[in-house]
Each structure stands twice: as C-alpha cells, then as structure tokens.
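Asks: Structure: coords_30.tsv, TSV, C-alpha atoms.
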```tsv
chain	number	residue	atom	x	y	z
A	44	MET	CA	0.00	0.00	0.00
A	45	PHE	CA	2.84	2.31	0.99
A	46	ARG	CA	4.64	1.59	-2.32
A	47	LEU	CA	1.47	2.15	-4.34
A	48	THR	CA	1.15	5.60	-2.79
A	49	HIS	CA	4.72	6.34	-3.85
A	50	ILE	CA	3.99	5.21	-7.41
A	51	ALA	CA	0.92	7.40	-7.60
A	52	VAL	CA	2.90	10.42	-6.33
A	53	ALA	CA	5.62	9.81	-8.92
A	54	LEU	CA	3.12	9.58	-11.76
A	55	LEU	CA	1.41	12.77	-10.61
A	56	ILE	CA	4.76	14.57	-10.57
A	57	LEU	CA	5.60	13.43	-14.10
A	58	ILE	CA	2.15	14.14	-15.55
A	59	GLY	CA	2.06	17.50	-13.78
A	60	SER	CA	5.15	18.70	-15.60
A	61	PRO	CA	4.17	21.47	-18.04
A	62	ALA	CA	6.84	20.26	-20.46
A	63	LEU	CA	5.36	16.83	-20.65
A	64	GLU	CA	1.65	17.64	-20.80
A	65	ALA	CA	1.71	18.69	-24.43
A	66	GLN	CA	3.76	15.73	-25.50
A	67	ALA	CA	1.60	13.07	-23.89
A	68	PRO	CA	4.45	11.08	-22.43
A	69	THR	CA	4.13	7.50	-21.34
A	70	ASN	CA	6.25	5.60	-18.92
A	71	SER	CA	4.37	2.37	-19.32
A	72	ALA	CA	7.40	0.42	-20.50
A	73	GLN	CA	9.47	1.34	-17.50
A	74	PRO	CA	9.32	0.50	-13.81
A	75	ALA	CA	7.38	3.10	-11.90
A	76	ALA	CA	9.34	5.71	-10.04
A	77	ALA	CA	9.70	5.64	-6.28
A	78	PRO	CA	10.37	9.15	-5.02
A	79	SER	CA	11.84	10.01	-1.71
A	80	PRO	CA	9.77	13.00	-0.56
A	81	ALA	CA	12.47	14.27	1.79
A	82	SER	CA	15.27	14.59	-0.78
A	83	GLY	CA	13.29	14.69	-4.03
A	84	ILE	CA	15.25	11.73	-5.35
A	85	ILE	CA	13.50	9.44	-7.80
A	86	ARG	CA	14.79	5.89	-8.09
A	87	ASN	CA	14.44	3.45	-10.98
A	88	TRP	CA	12.50	5.88	-13.10
A	89	GLY	CA	11.84	5.87	-16.80
A	90	ILE	CA	9.98	8.08	-19.19
A	91	SER	CA	9.17	7.75	-22.89
A	92	LEU	CA	8.76	11.03	-24.74
A	93	ARG	CA	6.66	11.23	-27.90
A	94	ASP	CA	6.80	13.49	-30.90
A	95	GLY	CA	4.07	16.10	-30.60
A	96	ALA	CA	2.93	15.82	-34.22
A	97	SER	CA	3.20	12.12	-35.03
A	98	GLY	CA	2.77	10.73	-31.54
A	99	ARG	CA	5.55	8.23	-32.05
A	100	VAL	CA	8.02	7.46	-29.26
A	101	GLN	CA	11.07	9.58	-29.96
A	102	VAL	CA	13.31	9.10	-26.97
A	103	ARG	CA	13.24	7.23	-23.68
A	104	PHE	CA	15.17	8.22	-20.58
A	105	SER	CA	15.66	5.85	-17.68
A	106	SER	CA	18.05	5.70	-14.77
A	107	SER	CA	18.68	4.17	-11.42
A	108	GLU	CA	18.44	7.53	-9.64
A	109	ALA	CA	17.56	11.13	-10.42
A	110	ALA	CA	17.60	14.24	-8.24
A	111	PRO	CA	16.44	17.73	-9.18
A	112	SER	CA	19.30	20.00	-10.11
A	113	LYS	CA	20.16	22.42	-7.30
A	114	ALA	CA	20.05	25.31	-9.72
A	115	GLU	CA	16.39	24.62	-10.41
A	116	GLY	CA	13.46	25.68	-8.29
A	117	GLY	CA	9.72	25.21	-8.65
A	118	LEU	CA	7.37	22.30	-8.12
A	119	MET	CA	8.67	20.13	-10.95
A	120	PRO	CA	12.20	21.03	-12.00
A	121	ALA	CA	13.05	20.53	-15.64
A	122	VAL	CA	16.70	19.74	-15.01
A	123	TRP	CA	17.67	16.57	-13.20
A	124	ASP	CA	21.01	15.15	-12.14
A	125	VAL	CA	20.86	11.54	-13.09
A	126	THR	CA	22.87	8.51	-12.03
A	127	GLY	CA	23.06	5.46	-14.27
A	128	LEU	CA	21.45	7.05	-17.33
A	129	ARG	CA	20.12	4.98	-20.21
A	130	LEU	CA	18.93	7.10	-23.13
A	131	GLU	CA	17.31	5.33	-26.06
A	132	THR	CA	16.46	7.00	-29.35
A	133	PHE	CA	13.92	5.54	-31.74
A	134	ARG	CA	13.49	5.53	-35.51
A	135	ALA	CA	10.40	6.68	-37.34
A	136	ASP	CA	8.99	3.14	-37.17
A	137	GLU	CA	9.63	3.15	-33.39
A	138	SER	CA	12.32	0.50	-33.61
A	139	ALA	CA	15.32	1.10	-31.35
A	140	ASP	CA	18.10	3.23	-32.77
A	141	PHE	CA	20.93	4.45	-30.54
A	142	THR	CA	21.31	3.67	-26.86
A	143	ILE	CA	23.51	5.98	-24.79
A	144	GLU	CA	24.62	5.05	-21.28
A	145	ALA	CA	26.43	7.30	-18.82
A	146	PRO	CA	27.25	6.83	-15.12
A	147	THR	CA	26.31	10.44	-14.38
A	148	CYS	CA	24.43	12.96	-16.47
A	149	ARG	CA	22.21	16.04	-16.41
A	150	VAL	CA	18.86	15.65	-18.16
A	151	ASN	CA	16.43	18.37	-19.17
A	152	VAL	CA	13.01	16.78	-19.46
A	153	THR	CA	11.57	19.92	-21.05
A	154	THR	CA	13.98	20.11	-23.97
A	155	ARG	CA	14.76	16.36	-23.73
A	156	ASP	CA	18.46	17.09	-23.85
A	157	ALA	CA	21.15	15.35	-21.85
A	158	ALA	CA	24.77	16.27	-21.15
A	159	SER	CA	27.67	15.07	-19.07
A	160	PRO	CA	31.36	15.96	-18.72
A	161	GLY	CA	32.09	12.36	-17.80
A	162	PRO	CA	32.46	9.13	-19.73
A	163	PHE	CA	29.70	7.57	-21.79
A	164	ALA	CA	29.11	4.62	-24.09
A	165	ALA	CA	26.68	4.32	-26.99
A	166	HIS	CA	25.71	1.54	-29.35
A	167	ARG	CA	23.31	0.69	-32.13
A	168	ASP	CA	22.38	-2.97	-32.39
A	169	GLY	CA	21.14	-2.81	-35.98
A	170	ASP	CA	24.52	-2.25	-37.57
A	171	GLY	CA	26.79	-2.96	-34.61
A	172	ILE	CA	28.11	0.59	-34.18
A	173	ARG	CA	29.75	1.10	-30.79
A	174	MET	CA	31.04	4.34	-29.37
A	175	THR	CA	32.78	5.62	-26.25
A	176	GLY	CA	34.01	9.05	-25.22
A	177	THR	CA	34.37	11.57	-22.45
A	178	GLY	CA	31.98	14.49	-22.27
A	179	PHE	CA	28.85	14.47	-24.37
A	180	SER	CA	25.80	16.52	-25.13
A	181	PHE	CA	22.66	15.07	-26.69
A	182	ASP	CA	20.39	17.55	-28.49
A	183	ASN	CA	17.06	15.82	-28.97
A	184	GLY	CA	15.56	18.56	-31.15
A	185	ARG	CA	18.29	18.17	-33.76
A	186	GLN	CA	18.88	14.47	-33.01
A	187	ARG	CA	22.54	15.25	-32.55
A	188	LEU	CA	25.23	13.88	-30.23
A	189	VAL	CA	28.29	16.04	-29.60
A	190	VAL	CA	31.33	14.38	-28.06
A	191	SER	CA	34.06	16.62	-26.68
A	192	ASN	CA	36.91	14.23	-25.87
A	193	ASP	CA	38.48	10.87	-26.67
A	194	VAL	CA	35.95	9.68	-29.22
A	195	ARG	CA	36.26	6.04	-30.21
A	196	ILE	CA	33.82	4.65	-32.74
A	197	GLU	CA	33.76	1.05	-33.92
A	198	ILE	CA	31.86	0.06	-37.02
A	199	ARG	CA	31.60	-3.25	-38.81
A	200	ALA	CA	33.96	-3.62	-41.75
A	201	SER	CA	31.03	-4.84	-43.85
A	202	LEU	CA	29.67	-1.28	-43.78
A	203	VAL	CA	32.56	-0.12	-45.95
A	204	LYS	CA	33.46	-3.35	-47.70
A	205	THR	CA	33.91	-3.00	-51.43
A	206	SER	CA	32.29	-5.29	-53.93
A	207	PRO	CA	34.41	-8.25	-55.10
A	208	SER	CA	36.82	-7.31	-57.86
A	209	PRO	CA	36.02	-8.67	-61.32
A	210	LYS	CA	38.04	-11.77	-62.28
B	33	MET	CA	53.66	-35.65	-17.82
B	34	ILE	CA	50.73	-33.92	-16.14
B	35	ARG	CA	52.60	-30.63	-16.41
B	36	SER	CA	53.07	-31.05	-20.16
B	37	LEU	CA	49.36	-31.86	-20.53
B	38	HIS	CA	48.55	-28.61	-18.73
B	39	VAL	CA	50.83	-26.70	-21.10
B	40	LEU	CA	49.22	-28.39	-24.11
B	41	ARG	CA	45.74	-27.54	-22.82
B	42	TRP	CA	46.81	-23.91	-22.26
B	43	VAL	CA	48.21	-23.69	-25.81
B	44	LEU	CA	45.03	-25.15	-27.30
B	45	LEU	CA	42.86	-22.77	-25.27
B	46	THR	CA	44.97	-19.80	-26.37
B	47	LEU	CA	44.64	-20.81	-30.01
B	48	LEU	CA	40.89	-21.29	-29.65
B	49	VAL	CA	40.43	-17.86	-28.08
B	50	ALA	CA	42.93	-16.00	-30.29
B	51	GLY	CA	41.26	-17.03	-33.56
B	52	PRO	CA	37.83	-15.50	-32.94
B	53	VAL	CA	39.38	-12.42	-31.29
B	54	ARG	CA	41.57	-11.81	-34.37
B	55	ALA	CA	38.59	-12.36	-36.67
B	56	GLN	CA	36.54	-9.92	-34.61
B	57	LEU	CA	39.31	-7.30	-34.81
B	58	GLN	CA	39.51	-7.66	-38.59
B	59	ASP	CA	35.75	-7.37	-38.85
B	60	ARG	CA	35.72	-3.96	-37.18
B	61	ILE	CA	36.93	-0.52	-38.16
B	62	GLN	CA	38.03	1.84	-35.42
B	63	LEU	CA	37.63	5.59	-35.70
B	64	THR	CA	39.26	7.73	-33.03
B	65	ALA	CA	39.43	11.49	-32.63
B	66	THR	CA	39.30	14.21	-30.03
B	67	ASN	CA	35.90	15.58	-31.03
B	68	ALA	CA	32.87	14.28	-32.86
B	69	VAL	CA	29.35	15.23	-33.82
B	70	LEU	CA	26.83	12.59	-34.83
B	71	GLU	CA	23.72	13.57	-36.72
B	72	PHE	CA	21.41	10.63	-36.08
B	73	GLN	CA	18.77	11.46	-38.66
B	74	GLU	CA	21.15	12.20	-41.52
B	75	GLY	CA	23.56	9.44	-40.51
B	76	VAL	CA	26.47	11.89	-40.62
B	77	TYR	CA	29.55	11.23	-38.49
B	78	HIS	CA	31.85	14.23	-38.24
B	79	LEU	CA	35.15	13.75	-36.41
B	80	TRP	CA	37.98	16.24	-36.03
B	81	ASP	CA	41.34	16.71	-34.30
B	82	HIS	CA	43.74	13.79	-34.45
B	83	VAL	CA	41.44	11.63	-36.51
B	84	ARG	CA	42.58	8.06	-37.06
B	85	VAL	CA	40.76	5.31	-38.93
B	86	GLU	CA	42.12	1.82	-38.58
B	87	SER	CA	40.95	-1.30	-40.32
B	88	SER	CA	43.28	-4.06	-39.16
B	89	GLY	CA	45.32	-5.44	-42.04
B	90	VAL	CA	43.51	-3.28	-44.62
B	91	LEU	CA	44.24	0.40	-44.09
B	92	THR	CA	45.17	3.15	-41.67
B	93	LEU	CA	44.09	6.74	-42.30
B	94	THR	CA	44.99	9.87	-40.36
B	95	CYS	CA	43.69	13.38	-41.03
B	96	ASP	CA	42.49	16.56	-39.35
B	97	ASP	CA	38.80	16.26	-40.22
B	98	LEU	CA	36.62	13.35	-41.31
B	99	ARG	CA	33.02	13.34	-42.45
B	100	ALA	CA	31.35	10.01	-43.07
B	101	VAL	CA	27.79	9.33	-44.19
B	102	LEU	CA	26.29	5.96	-43.37
B	103	PRO	CA	23.37	4.41	-45.24
B	104	GLN	CA	19.99	6.02	-44.89
B	105	ASP	CA	16.47	4.80	-45.52
B	106	LYS	CA	13.24	6.70	-45.70
B	107	VAL	CA	10.51	5.43	-43.41
B	108	ALA	CA	7.14	7.17	-43.27
B	109	GLY	CA	8.60	10.42	-44.53
B	110	ALA	CA	11.39	10.51	-41.97
B	111	THR	CA	15.01	9.72	-42.52
B	112	VAL	CA	16.42	6.94	-40.41
B	113	ALA	CA	19.77	5.25	-40.32
B	114	THR	CA	19.73	1.88	-41.97
B	115	GLY	CA	20.34	-1.14	-39.81
B	116	ALA	CA	21.26	-4.66	-40.81
B	117	GLY	CA	18.34	-4.82	-43.18
B	118	GLY	CA	19.53	-1.89	-45.28
B	119	SER	CA	22.19	-1.65	-47.91
B	120	GLY	CA	24.77	-1.88	-45.13
B	121	ARG	CA	27.32	0.29	-46.88
B	122	LEU	CA	29.09	3.55	-46.25
B	123	GLN	CA	27.75	6.16	-48.67
B	124	SER	CA	30.62	8.60	-48.65
B	125	LEU	CA	33.68	9.65	-46.72
B	126	VAL	CA	35.60	12.91	-46.94
B	127	ALA	CA	38.91	13.33	-45.12
B	128	THR	CA	40.62	16.71	-45.13
B	129	GLY	CA	43.81	18.20	-43.73
B	130	HIS	CA	47.12	16.32	-43.74
B	131	VAL	CA	45.53	13.16	-45.09
B	132	GLN	CA	47.81	10.14	-44.88
B	133	ILE	CA	46.68	6.66	-45.82
B	134	GLN	CA	48.43	3.33	-45.66
B	135	PHE	CA	46.94	0.45	-47.64
B	136	PHE	CA	48.11	-3.05	-46.79
B	137	GLN	CA	48.00	-5.52	-49.66
B	138	ALA	CA	48.97	-9.18	-49.72
B	139	GLY	CA	52.09	-9.65	-51.78
B	140	ALA	CA	53.90	-12.66	-53.21
B	141	GLY	CA	55.18	-15.29	-50.80
B	142	GLY	CA	53.02	-14.17	-47.91
B	143	THR	CA	54.55	-10.70	-47.75
B	144	THR	CA	52.57	-7.52	-47.24
B	145	ASN	CA	52.91	-4.62	-49.65
B	146	VAL	CA	52.24	-1.21	-48.21
B	147	VAL	CA	50.93	1.63	-50.37
B	148	TYR	CA	51.28	5.11	-48.87
B	149	ALA	CA	48.96	7.85	-50.08
B	150	SER	CA	48.85	11.46	-48.98
B	151	GLY	CA	47.16	14.70	-49.94
B	152	ASP	CA	45.10	17.57	-48.60
B	153	LYS	CA	41.82	15.81	-49.26
B	154	ALA	CA	40.61	12.26	-49.81
B	155	GLU	CA	37.10	11.45	-50.97
B	156	TYR	CA	35.49	8.03	-51.10
B	157	GLY	CA	32.16	7.38	-52.77
B	158	ALA	CA	30.42	4.02	-52.43
B	159	ALA	CA	28.81	4.32	-55.86
B	160	ASP	CA	32.04	4.02	-57.84
B	161	GLU	CA	34.25	2.70	-55.02
B	162	VAL	CA	37.16	4.98	-55.75
B	163	LEU	CA	39.31	7.08	-53.50
B	164	ILE	CA	40.13	10.47	-55.00
B	165	LEU	CA	43.15	12.27	-53.59
B	166	THR	CA	43.53	15.98	-54.27
B	167	GLY	CA	45.75	18.79	-53.00
B	168	ASN	CA	49.33	17.73	-53.67
B	169	PRO	CA	48.35	14.09	-54.06
B	170	ARG	CA	51.07	11.49	-53.78
B	171	ILE	CA	51.03	7.71	-53.86
B	172	GLU	CA	54.09	5.67	-52.93
B	173	THR	CA	54.50	1.98	-53.60
B	174	GLY	CA	57.48	-0.33	-53.25
B	175	SER	CA	58.65	0.45	-56.77
B	176	GLY	CA	58.15	4.17	-56.92
B	177	THR	CA	56.11	7.29	-56.34
B	178	MET	CA	53.29	8.83	-58.35
B	179	VAL	CA	52.88	12.56	-57.88
B	180	GLY	CA	49.82	14.18	-59.42
B	181	THR	CA	49.08	17.83	-59.90
B	182	GLU	CA	45.30	17.59	-59.91
B	183	ALA	CA	44.07	14.27	-58.60
B	184	LEU	CA	45.14	10.70	-58.10
B	185	ILE	CA	42.39	8.12	-58.19
B	186	TYR	CA	42.74	4.77	-56.46
B	187	ASP	CA	40.17	2.17	-57.54
B	188	LEU	CA	39.41	-0.04	-54.56
B	189	LYS	CA	37.72	-2.69	-56.70
B	190	SER	CA	40.53	-3.30	-59.14
B	191	ARG	CA	43.26	-1.92	-56.84
B	192	SER	CA	44.59	0.17	-59.70
B	193	MET	CA	45.61	3.81	-59.92
B	194	ARG	CA	44.84	6.46	-62.47
B	195	ASN	CA	45.21	10.20	-62.59
B	196	ARG	CA	43.49	13.41	-63.56
B	197	GLY	CA	45.71	16.09	-65.03
B	198	PRO	CA	49.45	15.90	-65.51
B	199	TYR	CA	51.46	13.69	-63.22
B	200	ARG	CA	54.99	12.51	-62.56
B	201	ILE	CA	56.28	9.05	-61.77
B	202	GLU	CA	59.49	8.63	-59.81
B	203	LEU	CA	60.87	5.11	-60.01
B	204	ARG	CA	63.41	3.75	-57.59
B	205	SER	CA	66.74	3.25	-59.34
B	206	ASP	CA	67.10	-0.35	-58.21
B	207	VAL	CA	63.84	-1.23	-59.95
B	208	LEU	CA	65.53	-0.84	-63.35
B	209	ARG	CA	68.89	-2.31	-62.37
B	210	ASN	CA	68.22	-5.69	-63.90
B	211	SER	CA	65.85	-4.44	-66.58
B	212	VAL	CA	66.58	-5.43	-70.18
B	213	LEU	CA	65.70	-1.85	-71.12
B	214	PHE	CA	69.15	-0.63	-70.13
B	215	ASN	CA	71.08	-3.88	-70.61
B	216	ARG	CA	70.26	-4.69	-74.24
B	217	GLY	CA	72.89	-5.81	-76.66
B	218	THR	CA	73.92	-3.26	-79.29
B	219	ASN	CA	75.60	-3.49	-82.70
B	220	ALA	CA	78.06	-0.77	-81.81
B	221	PRO	CA	81.69	-1.72	-82.45
B	222	LYS	CA	83.30	-3.25	-79.43
B	223	PRO	CA	86.07	-1.22	-77.84
B	224	ARG	CA	89.53	-2.55	-78.62
```
I'd like the structure from this file rewritten - as structure tokens, please.

Replies:
Amino acid sequence: MFRLTHIAVALLILIGSPALEAQAPTNSAQPAAAPSPASGIIRNWGISLRDGASGRVQVRFSSSEAAPSKAEGGLMPAVWDVTGLRLETFRADESADFTIEAPTCRVNVTTRDAASPGPFAAHRDGDGIRMTGTGFSFDNGRQRLVVSNDVRIEIRASLVKTSPSPK
Amino acid sequence: MIRSLHVLRWVLLTLLVAGPVRAQLQDRIQLTATNAVLEFQEGVYHLWDHVRVESSGVLTLTCDDLRAVLPQDKVAGATVATGAGGSGRLQSLVATGHVQIQFFQAGAGGTTNVVYASGDKAEYGAADEVLILTGNPRIETGSGTMVGTEALIYDLKSRSMRNRGPYRIELRSDVLRNSVLFNRGTNAPKPR
C-alpha cells in the first residue's frame, strides 16, 4: 500500500510537468518511479517522450536515480542530475536506434536534452556501431550527439566493404 | 607428464580464443578522434582533431577532419539510419587536412605490400568505389612514387591507380637495375 502511494505520487509529478503535458508522455514500458519526498530523489525511473505531431516514441530516458538540479526551483524542476542514465532514441517506425549510457548525467526533461562531462558509451544494435568518449551533449531537437573528448567509434567492416573485384 | 598436458591444454585454449578475437578485430573498423558530432537522422559522423581510422590489415588513415555518411532509408517520410536490413554500406567519406593513408595488400610469398597515399583531401564514394586524392596528391609503392598535380584516383575494386591532369612518376633506381631496357645488346663496335 505504501509503495502504491509512492507510485501514484511519482506519476502525478511526471504528468504534472508542463513540459510533458503537451507531448503526452508515457512511462508504461518502464518501472514506476519511487520518489523520496524528503530529498526529491527518484529511483528506478523511466519516461518515454513522444513526438508532438506524429505521436511516435522519440526518446526514452531511464536511470537508477535522479535528483532535481540544485540550480532549479519550482514544483517540478526541468533539469535533473541523473545517475546510471540509459537514453534510447527511436526511428520513425519506433524501432530502437541508438542507446547511450552514462554513469552520471544532467537531463532536461523539457527540452529532452542530456549532457555530461564524464564518460559515456553508446551503441546501435542494428549495424553494430559502438562508441565511447568523455563528455557528451545530446540535443534531442536536432537528433545530434556532440562528443568533446576521446571519441572512439567502432563500425563493422562490412559497412565499408567494397564489392568483389572482377576476375 | 601432467605438467606437459597442462601446457598443451593452455596452448590449445589460447589458439581457440585467439582465432575469434583476431577475426573480430579484422571485422571492425576503429575511428578515433578528439571531437565528434553525430547527426542521427542524416547518418552523418563528423570527427575532427587527431582523426585516425584503422581497419586491421587493410588500411590506416589519419587526417584533421573526417566526415562520413552511413546508409539512410526513408521510413514514413522521416530519414532513419539503416540497420542490418539496409544496404549496409558507407555512402561517402571525406577526409581533409594532412591526409595520410596506408593500404596493406597481400604480396607474393606471404609478404605484405604497403601503399602510402597522402594529400590535402581524400574522398570516397560508395557508388564508384574509388578514393580520390587531391591537394598535392602522392602515392608511394614499393617500386616508386606517383605525384599528381590535380588528382590521383585509387580504384578499390581493381586496386589500380589512375590520374586526372598531368602527373609525374618517380621510379626507384634499383627497380631498373636488372631491366633489359638498359642492358640490351647493341651493334656498336666493341672497344679494342
């Protein structure tokens, strides 16, 4: 009963966010959040954000822990400091595209951007692209990932393999 | 006896593990740089500062700036990067600034021939599978150097070179040492 109350409070917080109302977010695919009222920390949360026009799932944020950024005030802060981030982007047909994981990160649920000065790893299962680096910024509006240090990208050789030479 | 069996088992295990690891390394291309921007929708990978592309046993490329476009598909009016079900090929690659490329080719008797290419710009297009070097282009092989004023074109399919505009070939002197070209018999009177 106590846990159910916590779940309800978490859902109310997420639905009550002005940034999310217009976008009709769902968090049905993720475990419900369990907030700690004293510190404002949300644990094991996840949120899927949809494109306003098409309604398709565009990006999904989830993490083991999130706390409102100290710089933010208000009832529902837009900026959260997140631990154990998992950010998934989706294609137009809603199949999974890139997955970005970072131990620590700052997420803006209004703009749906994420950034961290620390290490991160990303991968795309479809074509086996893997990536690591230090310091990143994900711009959801432009679907762009900026990496500021030590970029390492691995792609399958078949992606650039030439056709067999004529005999 | 038991000790030698342990050693044998260790050697076999090493061989079993090393094979797939080597195959996996050869199957992957590594791109490293200081900075990068990835445009997910357009499938554009832009890397700059100390860019290095390494395909084990095939080529190594270094440059200042690299822009690669990976295959794209159109789904429901939106552009998405193609996965395994797509054409699975790099569309184009443009390397600029101090471009240096090493191609590794299997030679006779199990040797490896290395072809060095350099220029200010290298462009690769998947459609014709050629690498076009411009800006003081230069290609060095074991037998000599080809220096082009406009562009040197390396065909990755046929592994042949051609040029655009005037060019110069510098052959190593030892290449012609045993050539019949300079050691032919003549009908000139023999010195007495």

Asks: I need the contact residues of chain A against chain B, so if you could list those with any atom within 6 Å, counting only C-alpha atoms, and return them as a VMD selection string, that would help.

Replies: chain A and resid 134 169 to 170 186 to 200 202 to 203 208

Asks: May I ask which of the residues B:Arg204, B:Cys95, B:Ala100, B:Asp187 is the closest one to Gly151 in chain B, counting all atoms listed in the file?

Replies: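 Under the stated criterion, the closest residue is B:Cys95.
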
Asks: Please measure the separation of CA of Ala127 in chain B and CA of Ser201 in chain A, giving the value in Å to one decimal.

Replies: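 We find that CA of Ala127 in chain B and CA of Ser201 in chain A lie 19.8 Å from each other.
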
Asks: Just how far from CA of Ala110 in chain A is CA of Glu137 in chain A, in Å to one decimal?

Replies: 28.6 Å

Asks: Would you mind reading off the distance between CA of Val131 in chain B and CA of Arg173 in chain A, one decimal, in Å?

Replies: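 Spanning CA of Val131 in chain B to CA of Arg173 in chain A is a straight-line distance of 24.5 Å.
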
Asks: Would you please work out which residue, of B:Thr94, B:Thr218, B:Thr144, B:Thr181, is nearest to Arg196 in chain B when using only C-alpha atoms?

Replies: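 Selected residue with least distance to Arg196 in chain B: B:Thr181.
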
Asks: Taking every listed atom of range 185-200 of chain A and adding 4 Å to each side, what centre and edge lengths in Å (one decimal) does the axis-aligned box have, as AutoDock Vina command-line options?

Replies:
```
--center_x 28.4 --center_y 7.3 --center_z -33.8 --size_x 28.2 --size_y 29.8 --size_z 23.9
```

Asks: Let me make sure I understand: among B:Ala220, B:Val126, B:Met193, B:Ala140, which one has the smallest atom-to-atom distance to Ile171 in chain B if we use all atoms listed in the file?

Replies: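 Nearest to Ile171 in chain B: B:Met193.
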
Asks: Using all atoms listed in the file, which residue out of A:Gly83, A:Gly184, A:Gly161, A:Gly176 lies closest to Glu108 in chain A?

Replies: A:Gly83

Asks: Rank A:Glu131, A:Glu144, A:Asp136, A:Asp124 by their smallest atom-to-atom distance to Gly98 in chain A, using only C-alpha atoms, and report the top residue only.

Replies: A:Asp136

Asks: Compare A:Gln101, A:Ser112, A:Thr175, A:Thr154 by their minimum atom-to-atom distance to Ser138 in chain A, counting all atoms listed in the file, and give me the closest one.

Replies: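 For Ser138 in chain A, the nearest of the candidates is A:Gln101.
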
Asks: Considering only C-alpha atoms, return as a PDB file with C-alpha atoms, keeping the file's coordinate frame whatever protein or nucleic-acid residues lie within 12 Å of Gly167 in chain B, sequence-local ones (same chain, fewer than 3 positions apart) excluded.

Replies:
```pdb
ATOM      1  CA  ALA B 127      38.910  13.330 -45.120  1.00  0.00           C
ATOM      2  CA  THR B 128      40.620  16.710 -45.130  1.00  0.00           C
ATOM      3  CA  GLY B 129      43.810  18.200 -43.730  1.00  0.00           C
ATOM      4  CA  HIS B 130      47.120  16.320 -43.740  1.00  0.00           C
ATOM      5  CA  VAL B 131      45.530  13.160 -45.090  1.00  0.00           C
ATOM      6  CA  ALA B 149      48.960   7.850 -50.080  1.00  0.00           C
ATOM      7  CA  SER B 150      48.850  11.460 -48.980  1.00  0.00           C
ATOM      8  CA  GLY B 151      47.160  14.700 -49.940  1.00  0.00           C
ATOM      9  CA  ASP B 152      45.100  17.570 -48.600  1.00  0.00           C
ATOM     10  CA  LYS B 153      41.820  15.810 -49.260  1.00  0.00           C
ATOM     11  CA  ALA B 154      40.610  12.260 -49.810  1.00  0.00           C
ATOM     12  CA  GLU B 155      37.100  11.450 -50.970  1.00  0.00           C
ATOM     13  CA  ILE B 164      40.130  10.470 -55.000  1.00  0.00           C
ATOM     14  CA  ARG B 170      51.070  11.490 -53.780  1.00  0.00           C
ATOM     15  CA  VAL B 179      52.880  12.560 -57.880  1.00  0.00           C
ATOM     16  CA  GLY B 180      49.820  14.180 -59.420  1.00  0.00           C
ATOM     17  CA  THR B 181      49.080  17.830 -59.900  1.00  0.00           C
ATOM     18  CA  GLU B 182      45.300  17.590 -59.910  1.00  0.00           C
ATOM     19  CA  ALA B 183      44.070  14.270 -58.600  1.00  0.00           C
ATOM     20  CA  LEU B 184      45.140  10.700 -58.100  1.00  0.00           C
TER      21      LEU B 184
END
```

Asks: List the neighbours of Pro162 in chain A out to 7 Å using only C-alpha atoms; skip same-chain residues closer than 6 positions along the sequence, and give me the result as an MDAnalysis selection string.

Replies: chainID A and resid 145 176:178
